[in-house]
$ cat coords32.txt   # compact mmCIF, C-alpha atoms and all ligand atoms
# COMPACT_ATOMS: atom_id res chain seq x y z
CA MET A 1227 100.70 -59.49 67.20
CA ALA A 1228 101.96 -57.25 70.00
CA GLY A 1229 104.86 -58.67 71.98
CA ARG A 1230 104.17 -60.22 75.37
CA LEU A 1231 106.32 -57.51 77.00
CA ALA A 1232 105.37 -54.62 74.71
CA ASP A 1233 106.18 -51.18 76.09
CA LYS A 1234 107.81 -52.58 79.24
CA MET A 1235 111.17 -51.47 80.58
CA ALA A 1236 113.42 -54.32 81.76
CA VAL A 1237 116.74 -54.35 83.60
CA VAL A 1238 118.71 -57.61 83.20
CA THR A 1239 121.90 -58.07 85.23
CA GLY A 1240 124.78 -60.23 84.05
CA ALA A 1241 123.47 -59.59 80.54
CA GLY A 1242 126.91 -59.54 78.89
CA ARG A 1243 126.96 -63.27 78.15
CA GLY A 1244 125.36 -66.64 78.93
CA ILE A 1245 121.86 -66.86 80.38
CA GLY A 1246 121.54 -63.11 81.02
CA ALA A 1247 122.37 -62.25 77.40
CA GLN A 1248 119.68 -64.65 76.18
CA ILE A 1249 117.10 -63.30 78.64
CA ALA A 1250 117.85 -59.79 77.33
CA ARG A 1251 117.42 -60.96 73.71
CA ALA A 1252 114.18 -62.85 74.47
CA MET A 1253 112.68 -59.90 76.35
CA ALA A 1254 113.59 -57.50 73.53
CA ARG A 1255 112.04 -59.94 71.02
CA GLU A 1256 108.80 -59.69 73.04
CA GLY A 1257 108.82 -55.89 72.83
CA ALA A 1258 110.59 -54.81 76.04
CA HIS A 1259 113.13 -52.00 76.12
CA VAL A 1260 116.09 -53.72 77.76
CA ILE A 1261 118.81 -52.13 79.87
CA ALA A 1262 121.62 -54.69 79.69
CA VAL A 1263 123.65 -54.47 82.88
CA ASP A 1264 126.99 -56.16 83.51
CA ILE A 1265 130.35 -55.63 85.17
CA ASP A 1266 131.71 -56.41 81.69
CA GLU A 1267 130.85 -53.20 79.84
CA GLU A 1268 131.87 -54.49 76.42
CA GLY A 1269 129.63 -57.58 76.74
CA ALA A 1270 126.70 -55.45 77.91
CA ASN A 1271 127.22 -52.99 75.02
CA SER A 1272 127.28 -55.71 72.43
CA VAL A 1273 124.10 -57.38 73.74
CA ALA A 1274 122.35 -54.00 74.04
CA ARG A 1275 123.20 -53.25 70.40
CA GLU A 1276 121.66 -56.59 69.32
CA CYS A 1277 118.53 -55.85 71.38
CA GLY A 1278 118.12 -52.22 70.36
CA GLY A 1279 118.37 -51.43 74.07
CA THR A 1280 120.83 -49.60 76.28
CA ALA A 1281 123.80 -50.80 78.31
CA ARG A 1282 125.12 -49.85 81.69
CA ARG A 1283 128.18 -50.97 83.64
CA VAL A 1284 126.99 -52.05 87.08
CA ASP A 1285 128.83 -54.14 89.64
CA VAL A 1286 125.80 -55.59 91.42
CA ALA A 1287 127.73 -55.78 94.69
CA ARG A 1288 128.19 -51.98 94.77
CA GLU A 1289 125.35 -49.94 96.24
CA GLU A 1290 126.50 -46.79 94.44
CA ASP A 1291 126.23 -48.54 91.05
CA TRP A 1292 122.59 -49.46 91.76
CA GLN A 1293 121.90 -45.87 92.88
CA ALA A 1294 123.34 -44.59 89.61
CA LEU A 1295 121.07 -47.01 87.70
CA ALA A 1296 118.04 -45.73 89.64
CA GLU A 1297 119.05 -42.17 88.68
CA LEU A 1298 119.34 -43.20 85.02
CA LEU A 1299 115.78 -44.59 85.20
CA SER A 1300 114.57 -41.31 86.71
CA ARG A 1301 116.07 -39.39 83.80
CA GLN A 1302 115.07 -41.83 81.02
CA ASN A 1303 111.78 -43.38 82.12
CA ALA A 1304 110.27 -41.12 84.78
CA GLY A 1305 111.71 -43.45 87.42
CA LYS A 1306 109.61 -46.43 86.28
CA LEU A 1307 110.73 -50.05 85.85
CA ASP A 1308 108.42 -52.95 84.90
CA ILE A 1309 110.85 -55.89 85.04
CA LEU A 1310 114.02 -56.61 87.01
CA VAL A 1311 115.94 -59.82 86.30
CA ASN A 1312 118.66 -60.45 88.88
CA ASN A 1313 120.78 -62.92 86.95
CA ALA A 1314 124.43 -61.95 87.64
CA GLY A 1315 126.20 -64.58 89.72
CA ILE A 1316 129.54 -66.28 90.21
CA GLU A 1317 130.68 -69.81 91.05
CA CYS A 1318 133.36 -71.21 93.30
CA VAL A 1319 134.29 -74.90 93.29
CA LYS A 1320 136.58 -76.01 96.12
CA PRO A 1321 136.57 -78.14 99.27
CA THR A 1322 135.02 -76.42 102.28
CA ALA A 1323 138.24 -76.46 104.30
CA GLU A 1324 139.97 -74.38 101.60
CA TYR A 1325 137.57 -71.42 101.58
CA SER A 1326 138.93 -68.19 102.97
CA LEU A 1327 136.48 -65.81 104.62
CA ASP A 1328 137.25 -63.28 101.86
CA GLU A 1329 136.31 -65.76 99.12
CA TRP A 1330 133.09 -66.63 100.94
CA ARG A 1331 132.21 -62.94 101.37
CA SER A 1332 132.96 -61.93 97.80
CA LEU A 1333 130.70 -64.68 96.42
CA MET A 1334 127.89 -63.70 98.83
CA ALA A 1335 128.39 -60.02 97.91
CA ILE A 1336 127.53 -60.74 94.27
CA ASN A 1337 125.07 -63.64 94.52
CA VAL A 1338 123.05 -62.45 97.52
CA ASP A 1339 123.87 -58.82 98.45
CA GLY A 1340 123.61 -57.90 94.75
CA ILE A 1341 120.00 -59.09 94.60
CA PHE A 1342 119.08 -57.51 97.93
CA LEU A 1343 120.51 -54.16 96.77
CA GLY A 1344 118.79 -54.26 93.37
CA CYS A 1345 115.43 -55.14 94.90
CA ARG A 1346 115.70 -52.54 97.67
CA ILE A 1347 116.99 -49.67 95.56
CA LEU A 1348 114.59 -50.26 92.65
CA THR A 1349 111.46 -50.94 94.74
CA GLY A 1350 110.22 -47.38 94.10
CA ALA A 1351 110.72 -47.67 90.33
CA LEU A 1352 109.01 -51.09 90.19
CA ALA A 1353 106.08 -49.86 92.32
CA SER A 1354 105.65 -46.70 90.19
CA ALA A 1355 105.53 -48.70 86.96
CA ALA A 1356 102.91 -51.05 88.41
CA GLN A 1357 100.80 -48.15 89.58
CA ALA A 1358 101.03 -46.34 86.24
CA ARG A 1359 100.13 -49.51 84.34
CA GLY A 1360 97.40 -50.69 86.70
CA GLY A 1361 98.97 -54.17 86.90
CA SER A 1362 102.02 -55.64 88.55
CA SER A 1363 105.75 -55.31 88.01
CA SER A 1364 107.86 -58.44 88.06
CA VAL A 1365 111.16 -59.42 89.63
CA VAL A 1366 112.81 -62.64 88.46
CA ASN A 1367 115.74 -63.87 90.51
CA ILE A 1368 118.02 -66.51 89.01
CA SER A 1369 118.81 -69.10 91.67
CA SER A 1370 119.86 -72.64 90.69
CA ILE A 1371 119.03 -76.26 91.34
CA ALA A 1372 121.92 -75.78 93.80
CA GLY A 1373 119.44 -73.68 95.79
CA LEU A 1374 117.27 -76.80 96.19
CA VAL A 1375 119.81 -79.63 96.46
CA ALA A 1376 123.53 -79.50 97.27
CA TYR A 1377 126.38 -80.08 94.81
CA PRO A 1378 129.70 -81.33 96.19
CA ASN A 1379 132.53 -78.80 96.72
CA GLN A 1380 130.23 -75.80 96.32
CA LEU A 1381 129.37 -74.75 99.86
CA ALA A 1382 129.28 -70.99 99.23
CA TYR A 1383 127.47 -71.26 95.89
CA ASN A 1384 124.83 -73.69 97.23
CA THR A 1385 124.27 -71.50 100.29
CA SER A 1386 123.97 -68.34 98.19
CA LYS A 1387 121.42 -69.92 95.85
CA GLY A 1388 119.35 -71.20 98.80
CA ALA A 1389 119.33 -67.59 100.06
CA VAL A 1390 118.12 -66.32 96.66
CA ARG A 1391 115.22 -68.78 96.80
CA HIS A 1392 114.09 -67.54 100.20
CA LEU A 1393 114.82 -63.86 99.57
CA SER A 1394 112.44 -64.14 96.60
CA LYS A 1395 109.65 -65.67 98.69
CA SER A 1396 110.17 -63.05 101.42
CA LEU A 1397 109.78 -60.21 98.92
CA ALA A 1398 106.75 -61.91 97.35
CA VAL A 1399 105.15 -61.57 100.78
CA ASP A 1400 106.59 -58.20 101.87
CA TRP A 1401 105.93 -56.12 98.75
CA PRO A 1402 102.14 -56.65 98.59
CA ALA A 1403 101.95 -56.18 102.38
CA ALA A 1404 103.62 -52.78 101.89
CA GLY A 1405 101.07 -51.91 99.18
CA HIS A 1406 103.34 -52.54 96.19
CA SER A 1407 102.08 -54.55 93.19
CA ILE A 1408 105.39 -56.27 92.57
CA ARG A 1409 105.58 -60.03 91.98
CA CYS A 1410 108.78 -61.88 92.82
CA ASN A 1411 109.76 -65.38 91.69
CA SER A 1412 112.92 -67.46 91.43
CA ILE A 1413 114.11 -69.61 88.53
CA HIS A 1414 116.21 -72.70 89.25
CA PRO A 1415 118.22 -73.68 86.17
CA GLY A 1416 119.85 -77.09 85.87
CA PHE A 1417 122.95 -77.61 83.69
CA ILE A 1418 122.88 -74.86 81.07
CA ARG A 1419 125.63 -74.62 78.46
CA THR A 1420 127.28 -71.23 79.17
CA PRO A 1421 130.82 -69.96 79.87
CA MET A 1422 130.15 -70.46 83.61
CA LEU A 1423 129.25 -74.14 83.17
CA GLU A 1424 132.32 -74.61 80.94
CA GLU A 1425 134.50 -73.31 83.80
CA VAL A 1426 132.72 -75.57 86.31
CA VAL A 1427 133.14 -78.64 84.10
CA ASP A 1428 136.90 -77.89 83.89
CA GLU A 1429 137.04 -77.67 87.68
CA TRP A 1430 135.05 -80.91 88.12
CA LEU A 1431 137.44 -82.60 85.66
CA GLU A 1432 140.39 -81.37 87.70
CA ALA A 1433 138.80 -82.70 90.89
CA GLY A 1434 138.31 -86.11 89.21
CA LEU A 1435 134.50 -85.79 89.38
CA LEU A 1436 133.99 -86.36 85.61
CA PRO A 1437 135.47 -88.86 83.11
CA ARG A 1438 138.17 -87.35 80.85
CA ASP A 1439 136.91 -89.07 77.67
CA ASP A 1440 133.37 -87.57 77.67
CA PRO A 1441 132.81 -84.99 80.43
CA TRP A 1442 129.87 -83.30 78.67
CA GLY A 1443 128.17 -86.65 78.05
CA ALA A 1444 128.52 -87.35 81.78
CA VAL A 1445 126.98 -83.98 82.70
CA SER A 1446 124.05 -84.57 80.31
CA ALA A 1447 123.53 -88.05 81.74
CA MET A 1448 122.97 -86.60 85.23
CA CYS A 1449 119.40 -85.54 84.38
CA PRO A 1450 116.55 -87.84 83.30
CA ILE A 1451 116.11 -86.34 79.83
CA LYS A 1452 119.85 -86.78 79.19
CA THR A 1453 120.52 -83.48 77.51
CA LEU A 1454 122.03 -80.12 78.44
CA GLY A 1455 119.86 -77.06 78.79
CA MET A 1456 120.47 -73.97 76.67
CA PRO A 1457 120.18 -70.30 77.76
CA GLU A 1458 116.97 -70.00 75.70
CA ASP A 1459 115.29 -72.60 77.97
CA ILE A 1460 115.76 -70.24 80.91
CA ALA A 1461 114.97 -67.10 78.89
CA LEU A 1462 111.53 -68.48 77.96
CA GLY A 1463 110.75 -69.07 81.65
CA ALA A 1464 111.87 -65.54 82.52
CA VAL A 1465 109.69 -64.04 79.77
CA TYR A 1466 106.66 -65.91 81.13
CA LEU A 1467 107.24 -64.75 84.72
CA ALA A 1468 107.82 -61.17 83.56
CA SER A 1469 104.69 -61.09 81.40
CA ASP A 1470 101.09 -60.35 82.40
CA GLU A 1471 100.33 -64.05 81.71
CA ALA A 1472 101.89 -64.61 85.16
CA ARG A 1473 99.77 -61.96 86.94
CA PHE A 1474 98.67 -64.51 89.60
CA VAL A 1475 102.13 -66.06 89.98
CA THR A 1476 104.38 -64.94 92.82
CA GLY A 1477 106.68 -66.62 95.33
CA ILE A 1478 107.19 -69.69 93.14
CA GLU A 1479 110.31 -71.69 92.28
CA LEU A 1480 110.33 -72.34 88.54
CA VAL A 1481 112.65 -75.33 88.09
CA ILE A 1482 114.00 -75.72 84.53
CA ASP A 1483 116.41 -78.63 84.78
CA GLY A 1484 115.54 -81.58 82.54
CA GLY A 1485 114.23 -83.40 85.62
CA TYR A 1486 117.43 -83.28 87.73
CA VAL A 1487 115.72 -82.53 91.05
CA ALA A 1488 112.85 -84.92 90.31
CA GLN A 1489 115.18 -87.88 90.91
P1 LIG A 1501 128.18 -66.55 83.08
O1 LIG A 1501 128.30 -67.20 81.77
O2 LIG A 1501 129.37 -66.54 83.99
O3 LIG A 1501 127.63 -65.06 82.93
C1 LIG A 1501 127.46 -64.25 84.08
C2 LIG A 1501 127.58 -62.79 83.72
O4 LIG A 1501 127.48 -62.05 84.96
C3 LIG A 1501 128.95 -62.45 83.12
O5 LIG A 1501 128.80 -61.55 82.05
C4 LIG A 1501 129.67 -61.80 84.28
O6 LIG A 1501 130.67 -60.85 83.89
C5 LIG A 1501 128.53 -61.09 85.00
N1 LIG A 1501 128.90 -60.72 86.36
C6 LIG A 1501 129.71 -61.37 87.23
N2 LIG A 1501 129.87 -60.68 88.35
C7 LIG A 1501 129.13 -59.55 88.21
C8 LIG A 1501 128.89 -58.42 89.04
N3 LIG A 1501 129.48 -58.30 90.24
N4 LIG A 1501 128.08 -57.44 88.58
C9 LIG A 1501 127.51 -57.53 87.36
N5 LIG A 1501 127.70 -58.55 86.52
C10 LIG A 1501 128.51 -59.57 86.95
O7 LIG A 1501 127.01 -67.27 83.93
P2 LIG A 1501 125.66 -68.02 83.46
O8 LIG A 1501 125.95 -69.47 83.37
O9 LIG A 1501 125.03 -67.30 82.34
O10 LIG A 1501 124.82 -67.85 84.79
C11 LIG A 1501 123.89 -66.80 84.99
C12 LIG A 1501 123.15 -67.05 86.29
O11 LIG A 1501 122.53 -68.35 86.23
C13 LIG A 1501 124.06 -67.08 87.52
O12 LIG A 1501 123.39 -66.48 88.61
C14 LIG A 1501 124.26 -68.56 87.76
O13 LIG A 1501 124.55 -68.84 89.11
C15 LIG A 1501 122.91 -69.11 87.36
N6 LIG A 1501 122.94 -70.54 87.00
C16 LIG A 1501 123.68 -70.99 85.94
C17 LIG A 1501 123.68 -72.34 85.63
C18 LIG A 1501 124.44 -72.92 84.46
O14 LIG A 1501 124.48 -74.15 84.33
N7 LIG A 1501 125.05 -72.12 83.60
C19 LIG A 1501 122.92 -73.23 86.40
C20 LIG A 1501 122.21 -72.74 87.49
C21 LIG A 1501 122.19 -71.38 87.77
P3 LIG A 1501 132.21 -61.35 83.75
O15 LIG A 1501 132.19 -62.31 82.60
O16 LIG A 1501 132.99 -60.11 83.50
O17 LIG A 1501 132.52 -62.01 85.07
$ encode --input "coords32.txt" --output "structure tokens"
Amino acid sequence: MAGRLADKMAVVTGAGRGIGAQIARAMAREGAHVIAVDIDEEGANSVARECGGTARRVDVAREEDWQALAELLSRQNAGKLDILVNNAGIECVKPTAEYSLDEWRSLMAINVDGIFLGCRILTGALASAAQARGGSSSVVNISSIAGLVAYPNQLAYNTSKGAVRHLSKSLAVDWPAAGHSIRCNSIHPGFIRTPMLEEVVDEWLEAGLLPRDDPWGAVSAMCPIKTLGMPEDIALGAVYLASDEARFVTGIELVIDGGYVAQ
């Protein structure tokens, strides 16, 4: 059986580890050629090797890095891109009064500017692929349940993820209005076991927000199905949104969170 993403070219950011690495693997499994993008070149290389894809060092906050990626696509794929997954993101856990303006700006530069830049600079490549294929290209932006409800001590992160939610809806409206067949959706993961969540759990422990004897049990207990999510749970959602099965799906918030925001 042909893969659900056969013959498609996909760029996945933050693909060096965690959720992004699993999205890259799942898309490759479904037949996509994956360009694994990360600020961590070694991580991106190792995931690209596993996927039979290619790797590229890109700092998503740097416009010139995105331009260089667009040039690579022009050389390698006639400037066409079927799937863009904007997954790279960073966290910051601290009380609001302790944020410096620089810390606020550097988080926004990655979590929000990075997605704006990728979407703007690769619009032409996404539109060309859709036209050549006679279908639609797909952008999947990784937000968070923190883009729907607020976590304590995470003002910048919560705000950035709310922006990703609305940026995605805005593009879902703007691209078709400009004549481009590009769909755009956001995914809102709950607690997913990755290096980022491990860092956050350490910070919550330090802030006295979790019990020392069983912090992971306490995190699992926060959602109705009382279990942690795994990167594959998010990867399967991303594959669906990227595939032609989702041809009529744009502007949605796909919440994958074990019921956390249903409470
Ligand atoms: P992760 O384990 O920290 O992985 C993120 C990857 O992005 C890392 O390889 C990181 O590289 C890379 N990265 C960081 N800054 C970058 C930049 N400027 N340019 C390019 N790559 C960059 O995080 P994750 O848990 O997989 O999270 C992935 C996405 O899901 C994030 O947007 C996160 O906000 C979102 N999310 C995660 C959870 C969760 O529970 N894990 C829940 C909701 C939403 P370095 O390692 O070198 O920094």
$ residues_near_ligand --input "coords32.txt" --ligand "ligand LIG 1501 (chain A)" --cutoff "6 Å" --atoms "all atoms listed in the file" --output "PDB file with C-alpha atoms, in the coordinates of the input"
ATOM      1  CA  THR A1239     121.900 -58.070  85.230  1.00  0.00           C
ATOM      2  CA  GLY A1240     124.780 -60.230  84.050  1.00  0.00           C
ATOM      3  CA  ALA A1241     123.470 -59.590  80.540  1.00  0.00           C
ATOM      4  CA  GLY A1242     126.910 -59.540  78.890  1.00  0.00           C
ATOM      5  CA  ARG A1243     126.960 -63.270  78.150  1.00  0.00           C
ATOM      6  CA  GLY A1244     125.360 -66.640  78.930  1.00  0.00           C
ATOM      7  CA  ILE A1245     121.860 -66.860  80.380  1.00  0.00           C
ATOM      8  CA  GLY A1246     121.540 -63.110  81.020  1.00  0.00           C
ATOM      9  CA  ASP A1264     126.990 -56.160  83.510  1.00  0.00           C
ATOM     10  CA  ILE A1265     130.350 -55.630  85.170  1.00  0.00           C
ATOM     11  CA  ASP A1266     131.710 -56.410  81.690  1.00  0.00           C
ATOM     12  CA  VAL A1284     126.990 -52.050  87.080  1.00  0.00           C
ATOM     13  CA  ASP A1285     128.830 -54.140  89.640  1.00  0.00           C
ATOM     14  CA  VAL A1286     125.800 -55.590  91.420  1.00  0.00           C
ATOM     15  CA  ALA A1287     127.730 -55.780  94.690  1.00  0.00           C
ATOM     16  CA  ASN A1313     120.780 -62.920  86.950  1.00  0.00           C
ATOM     17  CA  ALA A1314     124.430 -61.950  87.640  1.00  0.00           C
ATOM     18  CA  GLY A1315     126.200 -64.580  89.720  1.00  0.00           C
ATOM     19  CA  ILE A1316     129.540 -66.280  90.210  1.00  0.00           C
ATOM     20  CA  ILE A1336     127.530 -60.740  94.270  1.00  0.00           C
ATOM     21  CA  ILE A1368     118.020 -66.510  89.010  1.00  0.00           C
ATOM     22  CA  SER A1369     118.810 -69.100  91.670  1.00  0.00           C
ATOM     23  CA  SER A1370     119.860 -72.640  90.690  1.00  0.00           C
ATOM     24  CA  PRO A1415     118.220 -73.680  86.170  1.00  0.00           C
ATOM     25  CA  GLY A1416     119.850 -77.090  85.870  1.00  0.00           C
ATOM     26  CA  PHE A1417     122.950 -77.610  83.690  1.00  0.00           C
ATOM     27  CA  ILE A1418     122.880 -74.860  81.070  1.00  0.00           C
ATOM     28  CA  ARG A1419     125.630 -74.620  78.460  1.00  0.00           C
ATOM     29  CA  THR A1420     127.280 -71.230  79.170  1.00  0.00           C
ATOM     30  CA  PRO A1421     130.820 -69.960  79.870  1.00  0.00           C
ATOM     31  CA  MET A1422     130.150 -70.460  83.610  1.00  0.00           C
ATOM     32  CA  LEU A1423     129.250 -74.140  83.170  1.00  0.00           C
TER      33      LEU A1423
END
$ closest_residue --input "coords32.txt" --among "A:Ile1413, A:Val1319, A:Ala1461, A:Ala1356" --to "Val1481 in chain A" --atoms "only C-alpha atoms"
A:Ile1413
$ atom_distance --input "coords32.txt" --atom1 "CA of Ile1261 in chain A" --atom2 "CA of Glu1297 in chain A"
13.3 Å
$ atom_distance --input "coords32.txt" --atom1 "CA of Cys1345 in chain A" --atom2 "CA of Arg1255 in chain A"
24.6 Å
$ closest_residue --input "coords32.txt" --among "A:Ala1447, A:Leu1231, A:Ala1304, A:Leu1454" --to "Glu1471 in chain A" --atoms "only C-alpha atoms"
A:Leu1231
$ atom_distance --input "coords32.txt" --atom1 "CA of Leu1436 in chain A" --atom2 "CA of Glu1324 in chain A"
20.9 Å
$ closest_residue --input "coords32.txt" --among "A:Trp1330, A:Tyr1377, A:Trp1442, A:Trp1292" --to "Phe1342 in chain A" --atoms "all atoms listed in the file"
A:Trp1292
$ residues_near_point --input "coords32.txt" --point "(117.6, -57.5, 88.9)" --cutoff "9 Å" --atoms "all atoms listed in the file" --output "NGL selection string"
:A and (1236-1239 or 1286 or 1309-1314 or 1340-1341 or 1344-1345 or 1348 or 1365-1367)
$ closest_atom_pairs --input "coords32.txt" --of "range 1419-1441 of chain A" --to "range 1378-1386 of chain A" --cutoff "12 Å" --atoms "all atoms listed in the file" --output "JSON lines"
{"residue": "A:Val1426", "atom": "CA", "partner": "A:Gln1380", "partner_atom": "CA", "distance": 10.3}
{"residue": "A:Glu1429", "atom": "CA", "partner": "A:Asn1379", "partner_atom": "CA", "distance": 10.2}
{"residue": "A:Trp1430", "atom": "CA", "partner": "A:Asn1379", "partner_atom": "CA", "distance": 9.2}
{"residue": "A:Ala1433", "atom": "CA", "partner": "A:Asn1379", "partner_atom": "CA", "distance": 9.4}
{"residue": "A:Gly1434", "atom": "CA", "partner": "A:Asn1379", "partner_atom": "CA", "distance": 12.0}
{"residue": "A:Leu1435", "atom": "CA", "partner": "A:Pro1378", "partner_atom": "CA", "distance": 9.5}
$ axis_aligned_box --input "coords32.txt" --around "range 1315-1331 of chain A" --padding-each-side "6 Å" --output "AutoDock Vina command-line options"
--center_x 133.1 --center_y -70.5 --center_z 97.2 --size_x 25.8 --size_y 27.2 --size_z 26.9
$ residues_near_point --input "coords32.txt" --point "(108.1, -46.0, 98.1)" --cutoff "12 Å" --atoms "all atoms listed in the file" --output "JSON, numbers by chain"
{"A": [1305, 1306, 1346, 1347, 1348, 1349, 1350, 1351, 1352, 1353, 1354, 1355, 1357, 1401, 1404, 1405, 1406, 1407, 1408]}
$ residues_around --input "coords32.txt" --residues "Gly1443 in chain A" --least-positions-apart "5" --cutoff "12 Å" --atoms "all atoms listed in the file" --output "list in words"
Phe1417, Val1427, Leu1436, Pro1437, Arg1438, Met1448, Cys1449, Lys1452, Thr1453 and Leu1454 of chain A
$ write_last_selection --input "coords32.txt" --atoms "C-alpha atoms" --output "PDB file, keeping the file's coordinate frame"
ATOM      1  CA  PHE A1417     122.950 -77.610  83.690  1.00  0.00           C
ATOM      2  CA  VAL A1427     133.140 -78.640  84.100  1.00  0.00           C
ATOM      3  CA  LEU A1436     133.990 -86.360  85.610  1.00  0.00           C
ATOM      4  CA  PRO A1437     135.470 -88.860  83.110  1.00  0.00           C
ATOM      5  CA  ARG A1438     138.170 -87.350  80.850  1.00  0.00           C
ATOM      6  CA  MET A1448     122.970 -86.600  85.230  1.00  0.00           C
ATOM      7  CA  CYS A1449     119.400 -85.540  84.380  1.00  0.00           C
ATOM      8  CA  LYS A1452     119.850 -86.780  79.190  1.00  0.00           C
ATOM      9  CA  THR A1453     120.520 -83.480  77.510  1.00  0.00           C
ATOM     10  CA  LEU A1454     122.030 -80.120  78.440  1.00  0.00           C
TER      11      LEU A1454
END
$ closest_residue --input "coords32.txt" --among "A:Ile1478, A:Cys1277, A:Ser1362, A:Ile1460" --to "Asn1411 in chain A" --atoms "all atoms listed in the file"
A:Ile1478
$ residues_around --input "coords32.txt" --residues "Thr1476 in chain A" --least-positions-apart "6" --cutoff "7 Å" --atoms "only C-alpha atoms" --output "list in words"
Ala1398, Arg1409, Cys1410 and Asn1411 of chain A
$ residues_around --input "coords32.txt" --residues "Val1465 in chain A" --least-positions-apart "6" --cutoff "9 Å" --atoms "all atoms listed in the file" --output "PyMOL selection string"
chain A and resi 1230-1231+1249+1252-1253+1256
$ write_last_selection --input "coords32.txt" --atoms "C-alpha atoms" --output "PDB file, in the frame of the given file"
ATOM      1  CA  ARG A1230     104.170 -60.220  75.370  1.00  0.00           C
ATOM      2  CA  LEU A1231     106.320 -57.510  77.000  1.00  0.00           C
ATOM      3  CA  ILE A1249     117.100 -63.300  78.640  1.00  0.00           C
ATOM      4  CA  ALA A1252     114.180 -62.850  74.470  1.00  0.00           C
ATOM      5  CA  MET A1253     112.680 -59.900  76.350  1.00  0.00           C
ATOM      6  CA  GLU A1256     108.800 -59.690  73.040  1.00  0.00           C
TER       7      GLU A1256
END
$ decode --input "coords32.txt" --residues "range 1447-1459 of chain A" --atoms "N, CA, C and O atoms" --output "PDB file, in the first residue's frame"
ATOM      1  N   ALA A1447      -1.701  12.545  36.482  1.00  0.00           N
ATOM      2  CA  ALA A1447      -3.019  12.652  37.142  1.00  0.00           C
ATOM      3  C   ALA A1447      -3.755  13.935  36.783  1.00  0.00           C
ATOM      4  O   ALA A1447      -4.945  14.063  37.054  1.00  0.00           O
ATOM      5  N   MET A1448      -3.047  14.891  36.135  1.00  0.00           N
ATOM      6  CA  MET A1448      -3.707  16.162  35.788  1.00  0.00           C
ATOM      7  C   MET A1448      -4.710  15.998  34.656  1.00  0.00           C
ATOM      8  O   MET A1448      -5.556  16.854  34.438  1.00  0.00           O
ATOM      9  N   CYS A1449      -4.602  14.916  33.854  1.00  0.00           N
ATOM     10  CA  CYS A1449      -5.588  14.790  32.769  1.00  0.00           C
ATOM     11  C   CYS A1449      -6.512  13.594  33.039  1.00  0.00           C
ATOM     12  O   CYS A1449      -6.108  12.638  33.719  1.00  0.00           O
ATOM     13  N   PRO A1450      -7.733  13.648  32.514  1.00  0.00           N
ATOM     14  CA  PRO A1450      -8.731  12.630  32.840  1.00  0.00           C
ATOM     15  C   PRO A1450      -8.275  11.201  32.565  1.00  0.00           C
ATOM     16  O   PRO A1450      -8.611  10.299  33.338  1.00  0.00           O
ATOM     17  N   ILE A1451      -7.514  10.961  31.489  1.00  0.00           N
ATOM     18  CA  ILE A1451      -7.164   9.561  31.230  1.00  0.00           C
ATOM     19  C   ILE A1451      -5.911   9.124  31.994  1.00  0.00           C
ATOM     20  O   ILE A1451      -5.456   8.000  31.854  1.00  0.00           O
ATOM     21  N   LYS A1452      -5.380  10.017  32.820  1.00  0.00           N
ATOM     22  CA  LYS A1452      -4.337   9.691  33.803  1.00  0.00           C
ATOM     23  C   LYS A1452      -3.137   8.962  33.203  1.00  0.00           C
ATOM     24  O   LYS A1452      -2.672   7.944  33.718  1.00  0.00           O
ATOM     25  N   THR A1453      -2.676   9.509  32.090  1.00  0.00           N
ATOM     26  CA  THR A1453      -1.452   8.962  31.496  1.00  0.00           C
ATOM     27  C   THR A1453      -0.731  10.087  30.759  1.00  0.00           C
ATOM     28  O   THR A1453      -1.347  11.102  30.432  1.00  0.00           O
ATOM     29  N   LEU A1454       0.556   9.917  30.531  1.00  0.00           N
ATOM     30  CA  LEU A1454       1.314  10.912  29.766  1.00  0.00           C
ATOM     31  C   LEU A1454       1.186  10.607  28.289  1.00  0.00           C
ATOM     32  O   LEU A1454       1.097   9.436  27.902  1.00  0.00           O
ATOM     33  N   GLY A1455       1.206  11.668  27.468  1.00  0.00           N
ATOM     34  CA  GLY A1455       1.259  11.440  26.037  1.00  0.00           C
ATOM     35  C   GLY A1455       2.680  11.134  25.596  1.00  0.00           C
ATOM     36  O   GLY A1455       3.645  11.443  26.303  1.00  0.00           O
ATOM     37  N   MET A1456       2.805  10.514  24.430  1.00  0.00           N
ATOM     38  CA  MET A1456       4.115  10.231  23.847  1.00  0.00           C
ATOM     39  C   MET A1456       4.226  10.989  22.514  1.00  0.00           C
ATOM     40  O   MET A1456       3.199  11.310  21.897  1.00  0.00           O
ATOM     41  N   PRO A1457       5.467  11.269  22.061  1.00  0.00           N
ATOM     42  CA  PRO A1457       5.618  11.998  20.790  1.00  0.00           C
ATOM     43  C   PRO A1457       4.827  11.379  19.629  1.00  0.00           C
ATOM     44  O   PRO A1457       4.295  12.100  18.778  1.00  0.00           O
ATOM     45  N   GLU A1458       4.701  10.054  19.625  1.00  0.00           N
ATOM     46  CA  GLU A1458       3.955   9.395  18.535  1.00  0.00           C
ATOM     47  C   GLU A1458       2.479   9.843  18.502  1.00  0.00           C
ATOM     48  O   GLU A1458       1.871   9.918  17.436  1.00  0.00           O
ATOM     49  N   ASP A1459       1.909  10.156  19.669  1.00  0.00           N
ATOM     50  CA  ASP A1459       0.503  10.610  19.694  1.00  0.00           C
ATOM     51  C   ASP A1459       0.350  11.894  18.875  1.00  0.00           C
ATOM     52  O   ASP A1459      -0.660  12.098  18.197  1.00  0.00           O
TER      53      ASP A1459
END
